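K.L.:
Coordinates in my_file-v4.csv, CSV, C-alpha atoms (C1' of nucleotides), are listed below.
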chain,number,residue,atom,x,y,z
A,1,MET,CA,4.1,212.0,15.9
A,2,ALA,CA,2.6,215.3,16.9
A,3,TYR,CA,-0.5,216.2,18.8
A,4,GLN,CA,-2.6,215.9,15.7
A,5,ASP,CA,-2.2,212.1,15.6
A,6,ALA,CA,-3.2,211.9,19.3
A,7,ILE,CA,-6.4,213.8,18.6
A,8,VAL,CA,-7.2,211.6,15.6
A,9,ALA,CA,-6.5,208.5,17.7
A,10,LEU,CA,-8.8,209.7,20.5
A,11,ALA,CA,-11.6,210.6,18.1
A,12,ASP,CA,-12.7,206.9,17.8
A,13,PRO,CA,-15.1,205.7,20.6
A,14,THR,CA,-13.7,202.2,20.6
A,15,ARG,CA,-10.2,203.6,21.2
A,16,ARG,CA,-11.5,205.7,24.0
A,17,VAL,CA,-12.9,202.6,25.6
A,18,ILE,CA,-9.4,201.1,25.4
A,19,ILE,CA,-7.9,204.2,27.0
A,20,GLU,CA,-10.4,204.0,29.8
A,21,LYS,CA,-9.5,200.3,30.4
A,22,LEU,CA,-5.9,201.2,30.7
A,23,ARG,CA,-6.4,204.0,33.2
A,24,ARG,CA,-5.8,201.7,36.2
A,25,GLY,CA,-2.7,200.2,34.7
A,26,PRO,CA,-1.1,198.1,31.9
A,27,LEU,CA,-3.1,195.2,30.4
A,28,PRO,CA,-2.4,192.5,27.8
A,29,VAL,CA,-4.4,192.5,24.6
A,30,GLY,CA,-6.7,189.7,25.6
A,31,ALA,CA,-7.7,191.4,28.8
A,32,ILE,CA,-8.4,194.6,26.8
A,33,ALA,CA,-10.5,192.9,24.2
A,34,ALA,CA,-12.5,190.9,26.8
A,35,GLY,CA,-16.0,192.3,27.2
A,36,MET,CA,-15.7,194.6,24.2
A,37,ASP,CA,-18.1,194.3,21.3
A,38,VAL,CA,-15.4,194.1,18.6
A,39,SER,CA,-13.1,191.3,17.7
A,40,ARG,CA,-9.6,190.9,19.1
A,41,PRO,CA,-7.9,191.7,15.8
A,42,ALA,CA,-9.8,195.0,15.7
A,43,VAL,CA,-8.5,195.8,19.2
A,44,SER,CA,-5.0,195.0,17.9
A,45,GLN,CA,-5.4,197.5,15.1
A,46,HIS,CA,-6.7,200.2,17.5
A,47,LEU,CA,-3.7,199.5,19.8
A,48,ARG,CA,-1.4,200.0,16.8
A,49,VAL,CA,-3.0,203.4,16.0
A,50,LEU,CA,-2.8,204.5,19.6
A,51,SER,CA,0.9,203.4,19.8
A,52,ASP,CA,1.8,205.2,16.6
A,53,ALA,CA,0.2,208.3,18.0
A,54,GLY,CA,2.4,208.1,21.0
A,55,LEU,CA,-0.4,207.6,23.4
A,56,LEU,CA,0.5,204.0,24.4
A,57,ASP,CA,3.7,202.2,25.4
A,58,VAL,CA,4.2,198.5,24.6
A,59,LYS,CA,6.2,196.1,26.7
A,60,PRO,CA,6.6,192.5,25.5
A,61,GLU,CA,6.1,190.3,28.6
A,62,GLY,CA,7.0,186.7,27.7
A,63,ASN,CA,4.1,185.4,25.7
A,64,ARG,CA,1.9,188.5,25.7
A,65,ARG,CA,2.3,192.2,25.2
A,66,LEU,CA,1.5,194.7,27.9
A,67,TYR,CA,0.0,198.0,26.8
A,68,ALA,CA,0.1,201.1,29.0
A,69,ILE,CA,-0.9,204.8,28.6
A,70,ALA,CA,2.2,206.9,27.7
A,71,PRO,CA,2.2,210.0,30.0
A,72,ASP,CA,4.4,211.9,27.5
A,73,GLY,CA,1.9,211.5,24.6
A,74,VAL,CA,-1.0,212.7,26.7
A,75,ASP,CA,1.1,215.6,28.0
A,76,GLU,CA,1.9,216.7,24.4
A,77,LEU,CA,-1.8,217.0,23.6
A,78,ARG,CA,-2.4,218.6,27.0
A,79,ARG,CA,0.1,221.4,26.3
A,80,TYR,CA,-1.4,222.1,22.9
A,81,LEU,CA,-4.8,222.6,24.5
A,82,ASP,CA,-3.3,224.8,27.2
A,83,THR,CA,-1.9,227.2,24.5
A,84,LEU,CA,-5.2,227.1,22.7
A,85,TRP,CA,-7.0,227.9,25.9
A,86,ASP,CA,-4.7,230.9,26.6
A,87,ASP,CA,-5.3,232.3,23.2
A,88,ALA,CA,-9.0,231.8,23.4
A,89,LEU,CA,-9.1,233.7,26.8
A,90,ALA,CA,-6.9,236.5,25.4
A,91,ALA,CA,-9.1,236.9,22.4
A,92,PHE,CA,-12.2,236.9,24.6
A,93,ALA,CA,-10.8,239.6,26.9
A,94,ARG,CA,-9.7,241.7,23.9
A,95,ALA,CA,-13.2,241.5,22.4
A,96,ALA,CA,-14.7,242.5,25.8
A,97,GLU,CA,-12.4,245.5,26.0
A,98,GLU,CA,-13.2,246.7,22.5
A,99,LYS,CA,-16.9,246.2,23.3
A,100,ALA,CA,-16.6,248.4,26.4
A,101,LYS,CA,-14.7,251.1,24.5
A,102,GLY,CA,-17.4,251.1,21.8
A,103,ASN,CA,-20.1,251.5,24.4
A,104,ALA,CA,-18.2,254.3,26.2
A,105,LYS,CA,-18.1,256.6,23.2
B,1,MET,CA,-22.1,218.1,24.3
B,2,ALA,CA,-19.3,216.4,26.2
B,3,TYR,CA,-15.6,216.3,25.6
B,4,GLN,CA,-16.0,213.5,23.1
B,5,ASP,CA,-17.7,215.7,20.6
B,6,ALA,CA,-14.8,218.2,21.0
B,7,ILE,CA,-12.3,215.5,20.2
B,8,VAL,CA,-14.1,214.3,17.2
B,9,ALA,CA,-14.5,217.9,16.0
B,10,LEU,CA,-10.7,218.6,16.4
B,11,ALA,CA,-9.8,215.4,14.6
B,12,ASP,CA,-10.4,216.9,11.2
B,13,PRO,CA,-7.4,218.8,9.7
B,14,THR,CA,-9.6,221.4,8.0
B,15,ARG,CA,-11.3,222.2,11.2
B,16,ARG,CA,-8.0,222.6,13.0
B,17,VAL,CA,-7.0,225.1,10.3
B,18,ILE,CA,-10.2,227.0,11.2
B,19,ILE,CA,-9.4,226.9,14.9
B,20,GLU,CA,-5.9,228.3,14.1
B,21,LYS,CA,-7.4,231.1,12.1
B,22,LEU,CA,-9.6,232.0,15.1
B,23,ARG,CA,-6.8,232.1,17.7
B,24,ARG,CA,-6.3,235.8,17.2
B,25,GLY,CA,-9.9,236.7,17.5
B,26,PRO,CA,-13.4,236.4,16.0
B,27,LEU,CA,-13.9,236.2,12.2
B,28,PRO,CA,-16.8,236.2,9.8
B,29,VAL,CA,-17.3,233.1,7.6
B,30,GLY,CA,-15.9,234.8,4.5
B,31,ALA,CA,-12.7,235.7,6.1
B,32,ILE,CA,-12.3,232.2,7.5
B,33,ALA,CA,-12.9,230.6,4.1
B,34,ALA,CA,-10.6,233.0,2.3
B,35,GLY,CA,-7.3,231.3,1.4
B,36,MET,CA,-8.5,227.8,2.3
B,37,ASP,CA,-8.6,225.0,-0.3
B,38,VAL,CA,-12.2,224.1,0.3
B,39,SER,CA,-15.4,225.8,-0.6
B,40,ARG,CA,-17.2,228.3,1.6
B,41,PRO,CA,-20.2,225.9,2.2
B,42,ALA,CA,-17.7,223.3,3.4
B,43,VAL,CA,-16.4,225.8,5.9
B,44,SER,CA,-19.9,226.5,7.0
B,45,GLN,CA,-20.5,222.8,7.6
B,46,HIS,CA,-17.3,222.6,9.6
B,47,LEU,CA,-18.3,225.6,11.7
B,48,ARG,CA,-21.5,223.9,12.4
B,49,VAL,CA,-19.7,220.8,13.8
B,50,LEU,CA,-17.4,223.0,15.9
B,51,SER,CA,-20.3,224.9,17.3
B,52,ASP,CA,-22.3,221.8,18.1
B,53,ALA,CA,-19.2,220.5,19.9
B,54,GLY,CA,-19.1,223.6,22.1
B,55,LEU,CA,-15.8,224.8,20.7
B,56,LEU,CA,-17.2,227.9,18.9
B,57,ASP,CA,-19.5,230.7,19.8
B,58,VAL,CA,-21.6,232.5,17.1
B,59,LYS,CA,-22.5,236.1,17.2
B,60,PRO,CA,-24.7,237.5,14.4
B,61,GLU,CA,-23.3,240.9,13.5
B,62,GLY,CA,-25.7,242.6,11.1
B,63,ASN,CA,-25.2,241.0,7.7
B,64,ARG,CA,-22.6,238.4,8.7
B,65,ARG,CA,-21.9,236.0,11.6
B,66,LEU,CA,-18.9,236.2,13.8
B,67,TYR,CA,-17.3,232.9,15.0
B,68,ALA,CA,-15.0,232.8,18.0
B,69,ILE,CA,-13.3,230.1,20.0
B,70,ALA,CA,-15.4,229.2,23.1
B,71,PRO,CA,-13.0,229.0,26.1
B,72,ASP,CA,-15.5,226.8,28.0
B,73,GLY,CA,-15.5,224.1,25.4
B,74,VAL,CA,-11.7,224.0,25.2
B,75,ASP,CA,-11.6,223.9,29.0
B,76,GLU,CA,-13.8,220.9,29.2
B,77,LEU,CA,-11.6,218.9,26.9
B,78,ARG,CA,-8.6,220.3,28.8
B,79,ARG,CA,-9.9,219.0,32.1
B,80,TYR,CA,-10.5,215.5,30.7
B,81,LEU,CA,-6.9,215.3,29.6
B,82,ASP,CA,-5.7,216.5,33.0
B,83,THR,CA,-7.5,213.6,34.7
B,84,LEU,CA,-6.2,211.2,32.1
B,85,TRP,CA,-2.7,212.5,32.6
B,86,ASP,CA,-3.0,212.1,36.4
B,87,ASP,CA,-4.2,208.5,36.1
B,88,ALA,CA,-1.4,207.7,33.6
B,89,LEU,CA,1.2,209.1,35.9
B,90,ALA,CA,-0.2,207.2,38.9
B,91,ALA,CA,-0.3,203.9,36.9
B,92,PHE,CA,3.3,204.6,35.8
B,93,ALA,CA,4.5,205.1,39.3
B,94,ARG,CA,2.7,202.0,40.6
B,95,ALA,CA,4.3,199.9,37.9
B,96,ALA,CA,7.7,201.3,38.8
B,97,GLU,CA,7.1,200.4,42.5
B,98,GLU,CA,6.1,196.8,41.8
B,99,LYS,CA,9.0,196.5,39.5
B,100,ALA,CA,11.4,197.7,42.3
B,101,LYS,CA,9.8,195.3,44.8
B,102,GLY,CA,10.2,192.4,42.4
B,103,ASN,CA,13.8,193.2,41.9
B,104,ALA,CA,14.5,193.5,45.6
B,105,LYS,CA,13.5,189.9,46.3
C,1,DA,C1',8.1,167.5,20.4
C,2,DC,C1',3.5,168.7,20.1
C,3,DG,C1',-0.7,171.2,21.1
C,4,DA,C1',-2.6,175.4,23.0
C,5,DA,C1',-2.4,180.2,24.0
C,6,DT,C1',-1.4,184.9,22.7
C,7,DC,C1',-1.0,188.2,19.3
C,8,DG,C1',0.0,190.8,14.7
C,9,DT,C1',-1.0,191.1,9.7
C,10,DA,C1',-3.5,190.6,5.1
C,11,DA,C1',-7.4,191.0,2.4
C,12,DG,C1',-11.8,192.4,1.6
C,13,DT,C1',-16.5,194.6,2.9
C,14,DC,C1',-19.2,198.5,4.2
C,15,DA,C1',-20.8,202.6,6.5
C,16,DC,C1',-19.8,207.3,7.5
C,17,DG,C1',-18.3,211.8,6.8
C,18,DA,C1',-15.9,215.4,4.0
C,19,DC,C1',-16.5,217.4,-0.2
C,20,DT,C1',-19.1,219.5,-4.4
C,21,DT,C1',-22.9,222.3,-6.8
C,22,DA,C1',-27.3,224.4,-6.5
C,23,DC,C1',-30.6,226.9,-4.1
C,24,DG,C1',-33.1,230.0,-0.6
C,25,DG,C1',-33.2,233.6,2.8
C,26,DT,C1',-31.8,237.9,5.1
C,27,DA,C1',-29.3,242.3,5.5
C,28,DA,C1',-26.8,246.2,3.2
C,29,DG,C1',-26.1,249.5,-0.6
C,30,DT,C1',-27.9,252.7,-4.4
D,1,DA,C1',-37.5,248.3,-5.1
D,2,DC,C1',-33.6,246.0,-7.1
D,3,DT,C1',-29.2,244.3,-7.0
D,4,DT,C1',-25.3,242.7,-4.5
D,5,DA,C1',-23.0,240.6,-0.6
D,6,DC,C1',-23.1,237.2,3.0
D,7,DC,C1',-24.4,232.9,4.7
D,8,DG,C1',-26.9,228.3,5.8
D,9,DT,C1',-29.0,224.1,4.0
D,10,DA,C1',-30.2,220.1,0.6
D,11,DA,C1',-28.8,216.5,-2.2
D,12,DG,C1',-25.6,213.7,-4.2
D,13,DT,C1',-20.7,211.7,-5.0
D,14,DC,C1',-16.5,209.5,-3.3
D,15,DG,C1',-12.6,208.3,-0.5
D,16,DT,C1',-11.2,206.8,4.0
D,17,DG,C1',-11.2,204.0,8.0
D,18,DA,C1',-13.4,200.7,11.2
D,19,DC,C1',-14.8,196.1,11.0
D,20,DT,C1',-14.7,191.0,9.7
D,21,DT,C1',-12.5,186.3,8.8
D,22,DA,C1',-8.3,183.8,7.7
D,23,DC,C1',-3.7,183.0,8.4
D,24,DG,C1',1.3,183.0,10.2
D,25,DA,C1',4.6,183.7,13.9
D,26,DT,C1',6.1,183.2,18.9
D,27,DT,C1',6.0,181.5,23.5
D,28,DC,C1',4.3,178.6,27.3
D,29,DG,C1',2.9,174.2,29.1
D,30,DT,C1',3.3,169.0,29.3
Would you kindly transcribe this structure into structure tokens?
P.N.:
Amino acid sequence: MAYQDAIVALADPTRRVIIEKLRRGPLPVGAIAAGMDVSRPAVSQHLRVLSDAGLLDVKPEGNRRLYAIAPDGVDELRRYLDTLWDDALAAFARAAEEKAKGNAK
Amino acid sequence: MAYQDAIVALADPTRRVIIEKLRRGPLPVGAIAAGMDVSRPAVSQHLRVLSDAGLLDVKPEGNRRLYAIAPDGVDELRRYLDTLWDDALAAFARAAEEKAKGNAK
DNA sequence: ACGAATCGTAAGTCACGACTTACGGTAAGT
DNA sequence: ACTTACCGTAAGTCGTGACTTACGATTCGT
């Protein structure tokens, strides 16, 4: 699962709500679905997508299942954006240089 | 336009190809669409989405339009992931602490 | 052992968005 | 001026994915 899956997973607003709920720590499915405007099975399906994307870790705890944000998955996406940002800045600087050279002539 | 729009924009594979093409520097629409497996109007529509999300800057250059990656837009999304990563790590450390305390008893 | 709680999966519906072709508008070339 | 190149927009089609309800599988409580 590469960073692409993480981006696709985070593109859905409902899944971002789930991520926000998990910021403070792990939660079982019921607690995540509570207060949300979609059904619990829908939340389960979203949790599946987030897990497959490497953004969530699952830990079966007796009767229920605890979901938590996986730092590694977030970090993978984070690193991709870092390289993209570097390239964008470099291209920006290069364009500014050529612009200056063009004006100096 | 917040970071959410940037995520949605980057979720599409065709739009990620466009981003990759612009990593080295600004390009006109024709050069971007060249070699891609979708029509040029489709590329135009994608460029529109990326621009609205704040990920691309447009600079009309005579006859054509130069598109370039906007560092600010990338940075906004980058900062969101940084905070998310921080929270994920903190939650992870807290869970490990409670786990250790539970075992110590 | 039996009922209740917690959760995942299957099947089916429906809206949204990623395409296409067709067209109009502006700048460059001759 | 007239054609050509470059690009955005409009309208319409079609697949994908985000929901729902219904069901089955475990685990806890009594």
K.L.:
Could you work out which residues of chain C fall inside 9 Å of chain B? Count only C-alpha atoms (C1' of nucleotides), and format the result as a short mmCIF file (atom, residue, chain, number, x, y, z; two decimals) with C-alpha atoms (C1' of nucleotides), in the coordinates of the input.
P.N.:
data_model
loop_
_atom_site.label_atom_id
_atom_site.label_comp_id
_atom_site.auth_asym_id
_atom_site.auth_seq_id
_atom_site.Cartn_x
_atom_site.Cartn_y
_atom_site.Cartn_z
"C1'" DA C 18 -15.90 215.40 4.00
"C1'" DC C 19 -16.50 217.40 -0.20
"C1'" DT C 20 -19.10 219.50 -4.40
"C1'" DT C 26 -31.80 237.90 5.10
"C1'" DA C 27 -29.30 242.30 5.50
"C1'" DA C 28 -26.80 246.20 3.20
#
K.L.:
Quick one: residues within 12 Å of DA25 (chain D), all atoms listed in the file counted, chain neighbours fewer than 3 positions away excluded, as a ChimeraX atom specification?
P.N.:
/A:63 /C:6-9
K.L.:
Which residues of chain B are close to chain A, meaning at most 7 Å apart when you count all atoms listed in the file, and how do they look as JSON, numbers by chain?
P.N.:
{"B": [7, 8, 10, 11, 23, 24, 25, 69, 70, 71, 74, 75, 78, 81, 85, 87, 88, 89, 91]}
K.L.:
In Å, how far is it from CA of Ile32 (chain B) to CA of Ser44 (chain B)?
P.N.:
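Result for CA of Ile32 (chain B) versus CA of Ser44 (chain B): 9.5 Å, one decimal.
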K.L.:
What are the closest atom pairs, with distances in Å to one decimal, for each residue of chain D lying within 12 Å of chain B, using only C-alpha atoms (C1' of nucleotides), rows by chain and rising residue number, as JSON lines?
P.N.:
{"residue": "D:DA5", "atom": "C1'", "partner": "B:Asn63", "partner_atom": "CA", "distance": 8.6}
{"residue": "D:DC6", "atom": "C1'", "partner": "B:Arg64", "partner_atom": "CA", "distance": 5.8}
{"residue": "D:DC7", "atom": "C1'", "partner": "B:Arg64", "partner_atom": "CA", "distance": 7.0}
{"residue": "D:DG8", "atom": "C1'", "partner": "B:Ser44", "partner_atom": "CA", "distance": 7.3}
{"residue": "D:DT9", "atom": "C1'", "partner": "B:Pro41", "partner_atom": "CA", "distance": 9.2}
{"residue": "D:DA10", "atom": "C1'", "partner": "B:Pro41", "partner_atom": "CA", "distance": 11.7}
K.L.:
Report, in Å with one decimal, the straight-line distance from CA of Asp57 (chain B) to CA of Ala34 (chain B).
P.N.:
19.8 Å
K.L.:
Tell me which of D:DA1, D:DG12, D:DC19, D:DT27 sits closest to DA22 (chain C), counting all atoms listed in the file.
P.N.:
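Nearest to DA22 (chain C): D:DG12.
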K.L.:
Work out how far CA of Leu50 (chain B) is from C1' of DC16 (chain C), in Å to one decimal.
P.N.:
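For C1' of DC16 (chain C) relative to CA of Leu50 (chain B), the distance reads 18.0 Å.
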K.L.:
Since the input is missing atoms, can you rebuild N, CA and C atoms for region 73-104 of chain A and write them as a tab-separated table (two decimals), in the coordinates of the input?
P.N.:
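Okay, this is what ended up in part-v9.tsv:
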chain	number	residue	atom	x	y	z
A	73	GLY	N	2.85	211.22	25.73
A	73	GLY	CA	1.90	211.50	24.60
A	73	GLY	C	0.74	212.29	25.06
A	74	VAL	N	0.19	211.93	26.22
A	74	VAL	CA	-1.00	212.70	26.70
A	74	VAL	C	-0.56	214.12	27.06
A	75	ASP	N	0.65	214.26	27.58
A	75	ASP	CA	1.10	215.60	28.00
A	75	ASP	C	1.28	216.51	26.76
A	76	GLU	N	1.71	215.93	25.66
A	76	GLU	CA	1.90	216.70	24.40
A	76	GLU	C	0.58	217.35	24.00
A	77	LEU	N	-0.45	216.52	23.98
A	77	LEU	CA	-1.80	217.00	23.60
A	77	LEU	C	-2.31	218.00	24.63
A	78	ARG	N	-1.97	217.73	25.87
A	78	ARG	CA	-2.40	218.60	27.00
A	78	ARG	C	-1.82	220.01	26.82
A	79	ARG	N	-0.56	220.06	26.46
A	79	ARG	CA	0.10	221.40	26.30
A	79	ARG	C	-0.48	222.15	25.12
A	80	TYR	N	-0.82	221.43	24.04
A	80	TYR	CA	-1.40	222.10	22.90
A	80	TYR	C	-2.74	222.78	23.33
A	81	LEU	N	-3.56	222.06	24.07
A	81	LEU	CA	-4.80	222.60	24.50
A	81	LEU	C	-4.65	223.77	25.47
A	82	ASP	N	-3.56	223.72	26.24
A	82	ASP	CA	-3.30	224.80	27.20
A	82	ASP	C	-3.03	226.13	26.39
A	83	THR	N	-2.20	226.03	25.33
A	83	THR	CA	-1.90	227.20	24.50
A	83	THR	C	-3.19	227.72	23.82
A	84	LEU	N	-3.98	226.75	23.34
A	84	LEU	CA	-5.20	227.10	22.70
A	84	LEU	C	-6.16	227.83	23.64
A	85	TRP	N	-6.18	227.33	24.85
A	85	TRP	CA	-7.00	227.90	25.90
A	85	TRP	C	-6.58	229.34	26.20
A	86	ASP	N	-5.28	229.52	26.33
A	86	ASP	CA	-4.70	230.90	26.60
A	86	ASP	C	-5.11	231.85	25.52
A	87	ASP	N	-4.93	231.43	24.27
A	87	ASP	CA	-5.30	232.30	23.20
A	87	ASP	C	-6.76	232.64	23.15
A	88	ALA	N	-7.57	231.64	23.43
A	88	ALA	CA	-9.00	231.80	23.40
A	88	ALA	C	-9.42	232.84	24.51
A	89	LEU	N	-8.80	232.73	25.67
A	89	LEU	CA	-9.10	233.70	26.80
A	89	LEU	C	-8.64	235.08	26.42
A	90	ALA	N	-7.46	235.19	25.82
A	90	ALA	CA	-6.90	236.50	25.40
A	90	ALA	C	-7.82	237.16	24.41
A	91	ALA	N	-8.25	236.38	23.41
A	91	ALA	CA	-9.10	236.90	22.40
A	91	ALA	C	-10.45	237.35	22.98
A	92	PHE	N	-10.92	236.56	23.93
A	92	PHE	CA	-12.20	236.90	24.60
A	92	PHE	C	-12.08	238.18	25.37
A	93	ALA	N	-10.98	238.34	26.10
A	93	ALA	CA	-10.80	239.60	26.90
A	93	ALA	C	-10.63	240.78	25.98
A	94	ARG	N	-9.93	240.60	24.87
A	94	ARG	CA	-9.70	241.70	23.90
A	94	ARG	C	-11.06	242.14	23.32
A	95	ALA	N	-11.89	241.17	23.00
A	95	ALA	CA	-13.20	241.50	22.40
A	95	ALA	C	-14.06	242.22	23.44
A	96	ALA	N	-13.96	241.82	24.71
A	96	ALA	CA	-14.70	242.50	25.80
A	96	ALA	C	-14.26	243.93	25.94
A	97	GLU	N	-12.96	244.14	25.82
A	97	GLU	CA	-12.40	245.50	26.00
A	97	GLU	C	-12.89	246.41	24.85
A	98	GLU	N	-12.81	245.92	23.63
A	98	GLU	CA	-13.20	246.70	22.50
A	98	GLU	C	-14.74	247.01	22.57
A	99	LYS	N	-15.43	246.06	23.08
A	99	LYS	CA	-16.90	246.20	23.30
A	99	LYS	C	-17.13	247.36	24.26
A	100	ALA	N	-16.40	247.38	25.37
A	100	ALA	CA	-16.60	248.40	26.40
A	100	ALA	C	-16.17	249.77	25.84
A	101	LYS	N	-15.11	249.82	25.08
A	101	LYS	CA	-14.70	251.10	24.50
A	101	LYS	C	-15.71	251.62	23.51
A	102	GLY	N	-16.32	250.70	22.76
A	102	GLY	CA	-17.40	251.10	21.80
A	102	GLY	C	-18.57	251.65	22.53
A	103	ASN	N	-18.93	251.08	23.65
A	103	ASN	CA	-20.10	251.50	24.40
A	103	ASN	C	-19.83	252.86	25.12
A	104	ALA	N	-18.56	253.10	25.49
A	104	ALA	CA	-18.20	254.30	26.20
A	104	ALA	C	-18.29	255.56	25.38
